[in-house]
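Next up, model38.txt (compact mmCIF, C-alpha atoms and all ligand atoms):
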# COMPACT_ATOMS: atom_id res chain seq x y z
CA MET X 1 0.67 23.69 -70.97
CA LYS X 2 -2.74 23.18 -69.44
CA VAL X 3 -4.23 26.07 -67.46
CA ASP X 4 -7.30 25.61 -65.26
CA ILE X 5 -8.79 28.75 -63.75
CA LEU X 6 -11.10 28.47 -60.74
CA THR X 7 -13.38 31.46 -60.26
CA ILE X 8 -16.84 32.41 -59.07
CA PHE X 9 -17.10 34.69 -62.13
CA PRO X 10 -16.39 32.45 -65.12
CA GLU X 11 -18.01 34.92 -67.52
CA PHE X 12 -15.26 37.39 -66.69
CA PHE X 13 -12.88 35.40 -68.90
CA GLY X 14 -15.25 35.19 -71.89
CA GLN X 15 -13.49 37.31 -74.50
CA VAL X 16 -10.16 37.77 -72.79
CA ILE X 17 -8.70 34.47 -73.96
CA GLU X 18 -9.97 35.01 -77.52
CA PHE X 19 -7.45 37.67 -78.55
CA GLY X 20 -3.90 38.11 -79.71
CA ILE X 21 -1.10 36.00 -78.35
CA ILE X 22 -3.29 33.91 -76.05
CA ARG X 23 -5.66 33.09 -78.89
CA ARG X 24 -2.78 32.19 -81.18
CA ALA X 25 -1.21 29.92 -78.55
CA ARG X 26 -4.54 28.20 -77.95
CA LEU X 27 -5.15 27.63 -81.66
CA ALA X 28 -1.62 26.24 -82.04
CA GLU X 29 -2.36 23.94 -79.05
CA ILE X 30 0.58 25.34 -77.14
CA VAL X 31 -1.77 26.07 -74.28
CA GLU X 32 -5.21 24.83 -73.28
CA ILE X 33 -7.16 27.16 -71.01
CA ASN X 34 -10.23 26.00 -69.12
CA VAL X 35 -12.33 28.21 -66.88
CA HIS X 36 -14.25 26.51 -64.06
CA ASP X 37 -17.08 27.91 -61.98
CA ILE X 38 -16.31 27.18 -58.32
CA ARG X 39 -20.06 27.08 -57.68
CA LYS X 40 -20.34 23.92 -59.81
CA PHE X 41 -18.35 22.11 -57.13
CA THR X 42 -20.76 22.95 -54.30
CA THR X 43 -22.97 20.19 -52.93
CA ASP X 44 -25.20 22.10 -50.53
CA LYS X 45 -28.76 23.13 -51.30
CA HIS X 46 -27.94 26.83 -51.64
CA ARG X 47 -24.73 26.32 -53.64
CA MET X 48 -22.83 28.60 -51.31
CA VAL X 49 -19.32 29.61 -52.29
CA ASP X 50 -18.72 32.02 -49.41
CA ASP X 51 -19.74 32.57 -45.81
CA ARG X 52 -19.24 34.98 -42.89
CA PRO X 53 -15.85 35.00 -41.18
CA PHE X 54 -15.44 33.13 -37.88
CA GLY X 55 -14.55 35.66 -35.20
CA GLY X 56 -16.59 38.37 -36.89
CA GLY X 57 -15.62 41.17 -39.21
CA ASP X 58 -16.67 42.60 -42.54
CA GLY X 59 -17.26 40.77 -45.75
CA MET X 60 -17.38 37.17 -46.79
CA VAL X 61 -14.77 34.44 -47.01
CA LEU X 62 -14.57 31.87 -49.81
CA LYS X 63 -15.48 28.44 -48.41
CA PRO X 64 -13.02 25.56 -48.59
CA GLU X 65 -15.28 22.66 -49.66
CA PRO X 66 -15.92 23.53 -53.32
CA ILE X 67 -12.29 24.55 -53.87
CA PHE X 68 -11.01 21.27 -52.40
CA ALA X 69 -13.48 19.37 -54.61
CA ALA X 70 -12.35 21.29 -57.69
CA ILE X 71 -8.66 20.60 -57.02
CA GLU X 72 -9.37 16.92 -56.37
CA SER X 73 -11.19 16.65 -59.67
CA LEU X 74 -8.36 18.40 -61.55
CA LEU X 75 -5.29 16.92 -59.84
CA GLY X 76 -6.61 13.69 -58.33
CA THR X 77 -5.65 14.72 -54.79
CA SER X 78 -6.02 17.59 -52.35
CA GLU X 79 -2.55 17.15 -50.87
CA LYS X 80 -0.01 19.35 -52.56
CA GLU X 81 2.79 16.88 -51.74
CA ASN X 82 1.06 14.40 -54.03
CA TYR X 83 0.33 16.62 -57.03
CA PRO X 84 1.56 15.19 -60.34
CA SER X 85 5.00 16.58 -61.17
CA GLY X 86 4.90 19.75 -63.24
CA SER X 87 1.65 20.84 -61.58
CA ARG X 88 1.24 23.94 -59.44
CA VAL X 89 -1.73 25.54 -57.75
CA VAL X 90 -1.43 29.32 -57.67
CA LEU X 91 -3.58 31.52 -55.46
CA LEU X 92 -3.82 35.12 -56.64
CA THR X 93 -3.76 37.38 -53.63
CA PRO X 94 -2.22 40.74 -52.67
CA GLN X 95 -0.34 38.81 -49.95
CA GLY X 96 1.60 36.75 -52.49
CA ARG X 97 5.11 36.91 -53.95
CA GLN X 98 5.17 39.70 -56.51
CA LEU X 99 4.93 38.69 -60.16
CA LYS X 100 8.09 39.60 -62.08
CA GLN X 101 9.38 38.55 -65.46
CA SER X 102 11.60 36.05 -63.63
CA VAL X 103 8.56 34.49 -61.93
CA ALA X 104 6.69 34.21 -65.25
CA LYS X 105 9.79 32.60 -66.78
CA GLU X 106 10.11 30.14 -63.91
CA LEU X 107 6.49 29.07 -64.31
CA ALA X 108 6.74 28.88 -68.13
CA ASP X 109 9.83 26.68 -67.85
CA GLU X 110 8.84 24.38 -65.01
CA ILE X 111 5.13 23.77 -65.29
CA ASN X 112 2.89 21.83 -67.63
CA HIS X 113 -0.28 22.12 -65.54
CA LEU X 114 -1.14 25.41 -63.89
CA VAL X 115 -4.22 25.66 -61.71
CA ILE X 116 -5.16 29.20 -60.72
CA ILE X 117 -7.50 30.02 -57.86
CA CYS X 118 -8.95 33.52 -58.06
CA GLY X 119 -9.39 34.90 -54.55
CA ARG X 120 -12.41 37.05 -53.84
CA TYR X 121 -14.06 39.28 -51.29
CA GLU X 122 -12.34 39.63 -47.93
CA GLY X 123 -10.39 36.47 -48.45
CA ILE X 124 -10.31 32.74 -48.75
CA ASP X 125 -10.40 30.09 -46.04
CA GLU X 126 -6.79 29.65 -44.84
CA ARG X 127 -7.03 25.85 -45.12
CA VAL X 128 -7.01 26.33 -48.90
CA ASN X 129 -3.63 28.10 -48.71
CA GLU X 130 -2.19 25.58 -46.26
CA THR X 131 -3.25 22.42 -48.03
CA LEU X 132 -3.79 23.14 -51.71
CA VAL X 133 -1.75 26.15 -52.76
CA THR X 134 1.86 25.78 -53.92
CA ASP X 135 2.40 29.46 -54.86
CA GLU X 136 0.75 32.67 -53.70
CA ILE X 137 1.24 35.41 -56.30
CA SER X 138 0.39 39.12 -56.31
CA ILE X 139 0.54 41.22 -59.45
CA GLY X 140 1.43 44.36 -57.52
CA ASP X 141 1.02 46.40 -54.39
CA TYR X 142 -2.60 47.38 -54.84
CA VAL X 143 -5.86 45.68 -54.00
CA LEU X 144 -8.15 44.38 -56.73
CA SER X 145 -11.71 43.29 -56.00
CA GLY X 146 -10.70 39.78 -56.91
CA GLY X 147 -8.03 37.63 -58.48
CA GLU X 148 -9.64 37.51 -61.95
CA PRO X 149 -7.84 40.46 -63.57
CA ALA X 150 -4.62 39.20 -61.96
CA ALA X 151 -5.21 35.74 -63.48
CA VAL X 152 -5.38 37.30 -66.94
CA VAL X 153 -2.11 39.13 -66.32
CA LEU X 154 -0.41 35.99 -65.01
CA VAL X 155 -1.59 33.78 -67.87
CA ASP X 156 -0.58 36.33 -70.51
CA SER X 157 2.88 36.79 -69.02
CA ILE X 158 3.46 33.01 -68.99
CA VAL X 159 1.88 32.05 -72.30
CA ARG X 160 3.94 34.54 -74.32
CA LEU X 161 7.07 32.79 -73.00
CA LEU X 162 6.03 29.29 -74.07
CA PRO X 163 8.14 28.04 -76.99
CA GLY X 164 6.42 28.63 -80.31
CA THR X 165 3.91 31.21 -79.06
CA LEU X 166 5.59 34.31 -80.45
CA GLY X 167 6.35 34.51 -84.15
CA SER X 168 10.05 35.01 -83.71
CA GLU X 169 11.93 33.14 -81.00
CA THR X 170 13.78 36.30 -80.08
CA SER X 171 10.74 38.51 -79.51
CA ALA X 172 10.30 37.60 -75.85
CA GLU X 173 14.03 37.80 -75.19
CA ASN X 174 13.98 41.41 -76.32
CA ASP X 175 11.00 42.40 -74.15
CA SER X 176 11.45 44.86 -71.33
CA PHE X 177 12.74 43.12 -68.16
CA SER X 178 14.05 40.03 -69.96
CA SER X 179 17.48 41.59 -69.81
CA GLY X 180 16.73 43.17 -66.45
CA ILE X 181 16.05 46.66 -67.81
CA LEU X 182 13.36 48.46 -69.82
CA ASP X 183 12.97 48.15 -73.59
CA HIS X 184 14.38 50.76 -76.01
CA PRO X 185 12.04 53.17 -77.87
CA HIS X 186 10.40 52.02 -81.12
CA TYR X 187 9.46 53.96 -84.27
CA THR X 188 7.68 53.13 -87.51
CA ARG X 189 6.68 55.02 -90.67
CA PRO X 190 6.31 57.89 -91.37
CA ALA X 191 9.90 59.04 -90.81
CA GLU X 192 8.53 62.50 -90.05
CA PHE X 193 5.16 63.05 -88.39
CA ARG X 194 3.84 66.50 -87.44
CA GLY X 195 7.37 67.78 -87.38
CA MET X 196 8.62 64.96 -85.14
CA LYS X 197 11.49 63.06 -86.75
CA VAL X 198 12.58 59.47 -86.24
CA PRO X 199 16.21 59.46 -85.03
CA ASP X 200 18.59 59.39 -88.03
CA VAL X 201 20.50 56.40 -86.69
CA LEU X 202 17.45 54.17 -87.25
CA LEU X 203 17.22 55.17 -90.90
CA ASN X 204 20.80 54.63 -92.00
CA GLY X 205 20.82 50.80 -91.98
CA ASN X 206 23.98 50.50 -89.86
CA HIS X 207 22.99 47.64 -87.56
CA ALA X 208 25.91 47.95 -85.19
CA GLU X 209 25.11 51.64 -84.69
CA ILE X 210 21.43 50.86 -84.23
CA GLU X 211 22.15 48.24 -81.56
CA LYS X 212 24.45 50.68 -79.75
CA TRP X 213 21.79 53.40 -79.86
CA ARG X 214 19.10 51.02 -78.62
CA ALA X 215 21.24 49.82 -75.71
CA LYS X 216 22.00 53.42 -74.74
CA LYS X 217 18.33 54.46 -74.90
CA ALA X 218 17.16 51.42 -72.94
CA LEU X 219 19.61 52.29 -70.19
CA GLU X 220 18.59 55.96 -70.25
CA LYS X 221 14.89 55.07 -69.93
CA THR X 222 15.62 52.64 -67.11
CA ARG X 223 17.66 55.29 -65.28
CA ILE X 224 14.80 57.76 -65.54
CA PHE X 225 11.76 55.56 -64.92
CA ARG X 226 13.03 52.49 -63.05
CA ARG X 227 16.27 53.30 -61.30
CA ASP X 228 15.47 50.46 -58.85
CA LEU X 229 16.14 47.93 -61.64
CA LEU X 230 19.72 49.16 -61.89
CA GLU X 231 20.27 49.37 -58.16
CA GLY X 232 19.31 45.76 -57.62
CA ASP X 233 16.61 46.46 -55.02
CA ASN X 234 13.82 45.09 -57.17
CA GLY X 235 13.25 41.79 -55.43
CA ASP X 236 14.02 38.77 -57.55
CA MET X 237 14.46 40.37 -60.99
N1 LIG C 1 -6.37 40.00 -55.62
C1 LIG C 1 -6.59 41.22 -55.11
N2 LIG C 1 -5.56 42.03 -55.32
C2 LIG C 1 -4.62 41.29 -55.97
C3 LIG C 1 -3.31 41.57 -56.45
N3 LIG C 1 -2.73 42.76 -56.30
N4 LIG C 1 -2.64 40.57 -57.05
C4 LIG C 1 -3.20 39.36 -57.19
N5 LIG C 1 -4.42 39.05 -56.76
C5 LIG C 1 -5.13 40.00 -56.15
Write the structure described by the file as structure tokens, please.
Ligand code: ADE
Amino acid sequence: MKVDILTIFPEFFGQVIEFGIIRRARLAEIVEINVHDIRKFTTDKHRMVDDRPFGGGDGMVLKPEPIFAAIESLLGTSEKENYPSGSRVVLLTPQGRQLKQSVAKELADEINHLVIICGRYEGIDERVNETLVTDEISIGDYVLSGGEPAAVVLVDSIVRLLPGTLGSETSAENDSFSSGILDHPHYTRPAEFRGMKVPDVLLNGNHAEIEKWRAKKALEKTRIFRRDLLEGDNGDM
């Protein structure tokens, strides 16, 4: 998969893509991640990436010209109907469809070229959404100062699902949400720590018992912390 991130703060991504799973996937050439400075696509004297909103109001709005130019250079066209198949242009915005494990899975399965536009300030010129953007995604019901942290979340959630990224093929399948509920609790050595004991069932080597215990605990945790997942009112989980 190729990921191109468009941002006015390219330095933000400096170290983030150098660690852990994302680093491993990049080194194994499962994913290629490129960060592009939107300002590089400006052609005006002042290299302006934003301007005041028509109609008045607070803040600045990201201008369309450099974003159109960036998309044209990456995808060969600025008409979403004509994007190469397997390509999507995602705008990160609190107005978007909420990111869920099912959304990450859909993108991991269907896409080989993901272009991410990080929104900023009060917003982005609506002609970008209308013409360029195939998917608007929010990472949750809160407002960030910009789409950059959300881009990191989105990329991480997708990259870990790409075949070959995780050491064991089953690791992602066992993650919380993959089965629609939360993960079970985990323990490691020591078996007793400051008087707190690891449950006996995990120490006795009976795998059927362990699986039963884990399923029970996962359900218990979900009931306590995320009852909505069991009641089916969690959007598109
Ligand atoms: N930009 C600002 N807030 C955001 C959010 N919650 N999700 C995605 N992008 C955003």
Worksheet item: Neighbours of ligand LIG 1 (chain C) within 8 Å, counting all atoms listed in the file, as a ChimeraX atom specification?
Response: /X:91-96,98,118-120,137-151
Just write the chosen residues, C-alpha atoms, as a PDB file, keeping the file's coordinate frame.
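Saved as part-v7.pdb:
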ATOM      1  CA  LEU X  91      -3.580  31.520 -55.460  1.00  0.00           C
ATOM      2  CA  LEU X  92      -3.820  35.120 -56.640  1.00  0.00           C
ATOM      3  CA  THR X  93      -3.760  37.380 -53.630  1.00  0.00           C
ATOM      4  CA  PRO X  94      -2.220  40.740 -52.670  1.00  0.00           C
ATOM      5  CA  GLN X  95      -0.340  38.810 -49.950  1.00  0.00           C
ATOM      6  CA  GLY X  96       1.600  36.750 -52.490  1.00  0.00           C
ATOM      7  CA  GLN X  98       5.170  39.700 -56.510  1.00  0.00           C
ATOM      8  CA  CYS X 118      -8.950  33.520 -58.060  1.00  0.00           C
ATOM      9  CA  GLY X 119      -9.390  34.900 -54.550  1.00  0.00           C
ATOM     10  CA  ARG X 120     -12.410  37.050 -53.840  1.00  0.00           C
ATOM     11  CA  ILE X 137       1.240  35.410 -56.300  1.00  0.00           C
ATOM     12  CA  SER X 138       0.390  39.120 -56.310  1.00  0.00           C
ATOM     13  CA  ILE X 139       0.540  41.220 -59.450  1.00  0.00           C
ATOM     14  CA  GLY X 140       1.430  44.360 -57.520  1.00  0.00           C
ATOM     15  CA  ASP X 141       1.020  46.400 -54.390  1.00  0.00           C
ATOM     16  CA  TYR X 142      -2.600  47.380 -54.840  1.00  0.00           C
ATOM     17  CA  VAL X 143      -5.860  45.680 -54.000  1.00  0.00           C
ATOM     18  CA  LEU X 144      -8.150  44.380 -56.730  1.00  0.00           C
ATOM     19  CA  SER X 145     -11.710  43.290 -56.000  1.00  0.00           C
ATOM     20  CA  GLY X 146     -10.700  39.780 -56.910  1.00  0.00           C
ATOM     21  CA  GLY X 147      -8.030  37.630 -58.480  1.00  0.00           C
ATOM     22  CA  GLU X 148      -9.640  37.510 -61.950  1.00  0.00           C
ATOM     23  CA  PRO X 149      -7.840  40.460 -63.570  1.00  0.00           C
ATOM     24  CA  ALA X 150      -4.620  39.200 -61.960  1.00  0.00           C
ATOM     25  CA  ALA X 151      -5.210  35.740 -63.480  1.00  0.00           C
TER      26      ALA X 151
END
Discussion item. Can you measure CA of Glu79 (chain X) to CA of Phe13 (chain X) for me? One decimal in Å is fine.
Written reply: 27.7 Å
Fill in: Non-local contacts of region 182-196 of chain X (10 Å; all atoms listed in the file; under 6 positions in same chain excluded) as a ChimeraX atom specification
/X:174-176,202-203,211,213-223,225-226,229
Practice prompt. Would you list the contacts of Arg127 (chain X) as an MDAnalysis selection string, taking every protein, DNA or RNA residue within 12 Å and counting all atoms listed in the file, but skipping same-chain residues closer than 5 positions in sequence?
Written response: chainID X and resid 61:65 67:68 78:79 132:133
Fill in: Shell of 12 Å around Gly14 (chain X), all atoms listed in the file, local chain residues under 3 positions omitted, as a list in words
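In the requested format, the answer is Phe9, Pro10, Glu11, Ile17, Glu18, Phe19, Ile33, Asn34, Val35, His36, Glu148 and Val152 of chain X.
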Discussion item. For a cutoff of 10 Å around the file-coordinate point (6.4, 38.1, -66.7), which residues qualify once you count only C-alpha atoms? I'd like the result as a PyMOL selection string.
Written reply: chain X and resi 99-108+139+153-161+172+175-178
Practice prompt. One decimal, Å: what's the distance from CA of Met60 (chain X) over to CA of Glu122 (chain X), could you say?
Written response: 5.7 Å
Worksheet item: Which is closest to Ala70 (chain X) among X:Met1, X:Ile116, X:Leu6, X:Met48, if we use all atoms listed in the file?
Response: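 Of the candidates, the smallest distance to Ala70 (chain X) is held by X:Leu6.
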Discussion item. Would you compute the distance between CA of Pro199 (chain X) and CA of Lys212 (chain X)? Give it in Å to one decimal.
Written reply: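 If I compute the distance from CA of Pro199 (chain X) to CA of Lys212 (chain X), I get 13.1 Å.
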Worksheet item: Which neighbours of Val201 (chain X) fall inside 8 Å, counting only C-alpha atoms, when residues of the same chain fewer than 4 positions from it are skipped, and could you give them as a PyMOL selection string?
Response: chain X and resi 205-206+209-210+213
Go ahead and write the selection's residues with C-alpha atoms as a PDB file, keeping the file's coordinate frame.
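After the write, result07.pdb holds the following:
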ATOM      1  CA  GLY X 205      20.820  50.800 -91.980  1.00  0.00           C
ATOM      2  CA  ASN X 206      23.980  50.500 -89.860  1.00  0.00           C
ATOM      3  CA  GLU X 209      25.110  51.640 -84.690  1.00  0.00           C
ATOM      4  CA  ILE X 210      21.430  50.860 -84.230  1.00  0.00           C
ATOM      5  CA  TRP X 213      21.790  53.400 -79.860  1.00  0.00           C
TER       6      TRP X 213
END
Fill in: X:Glu173, X:Asp228, X:Asp51, X:Asp4 ranked by distance to Ile71 (chain X), top pick (using all atoms listed in the file)
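With all atoms listed in the file as the atom set, the closest residue is X:Asp4.
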Item to complete: Give the answer as one residue: which of X:Glu32, X:Asp37, X:Asp200, X:Glu136 has the shortest atom-to-atom distance to Val90 (chain X), using all atoms listed in the file?
Response: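 Among the listed residues, the smallest separation from Val90 (chain X) belongs to X:Glu136.
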Fill in: Contact residues around Ala28 (chain X) with all atoms listed in the file at 10 Å, ignoring same-chain residues under 4 positions, as a list in words
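Surrounding residues, per the criterion: Ile22, Arg23, Arg24, Glu32, Gly164 and Thr165 of chain X.
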Next, dump the selected residues to file, keeping only C-alpha atoms, as a CSV table (one decimal), in the frame of the given file.
chain,number,residue,atom,x,y,z
X,22,ILE,CA,-3.3,33.9,-76.0
X,23,ARG,CA,-5.7,33.1,-78.9
X,24,ARG,CA,-2.8,32.2,-81.2
X,32,GLU,CA,-5.2,24.8,-73.3
X,164,GLY,CA,6.4,28.6,-80.3
X,165,THR,CA,3.9,31.2,-79.1
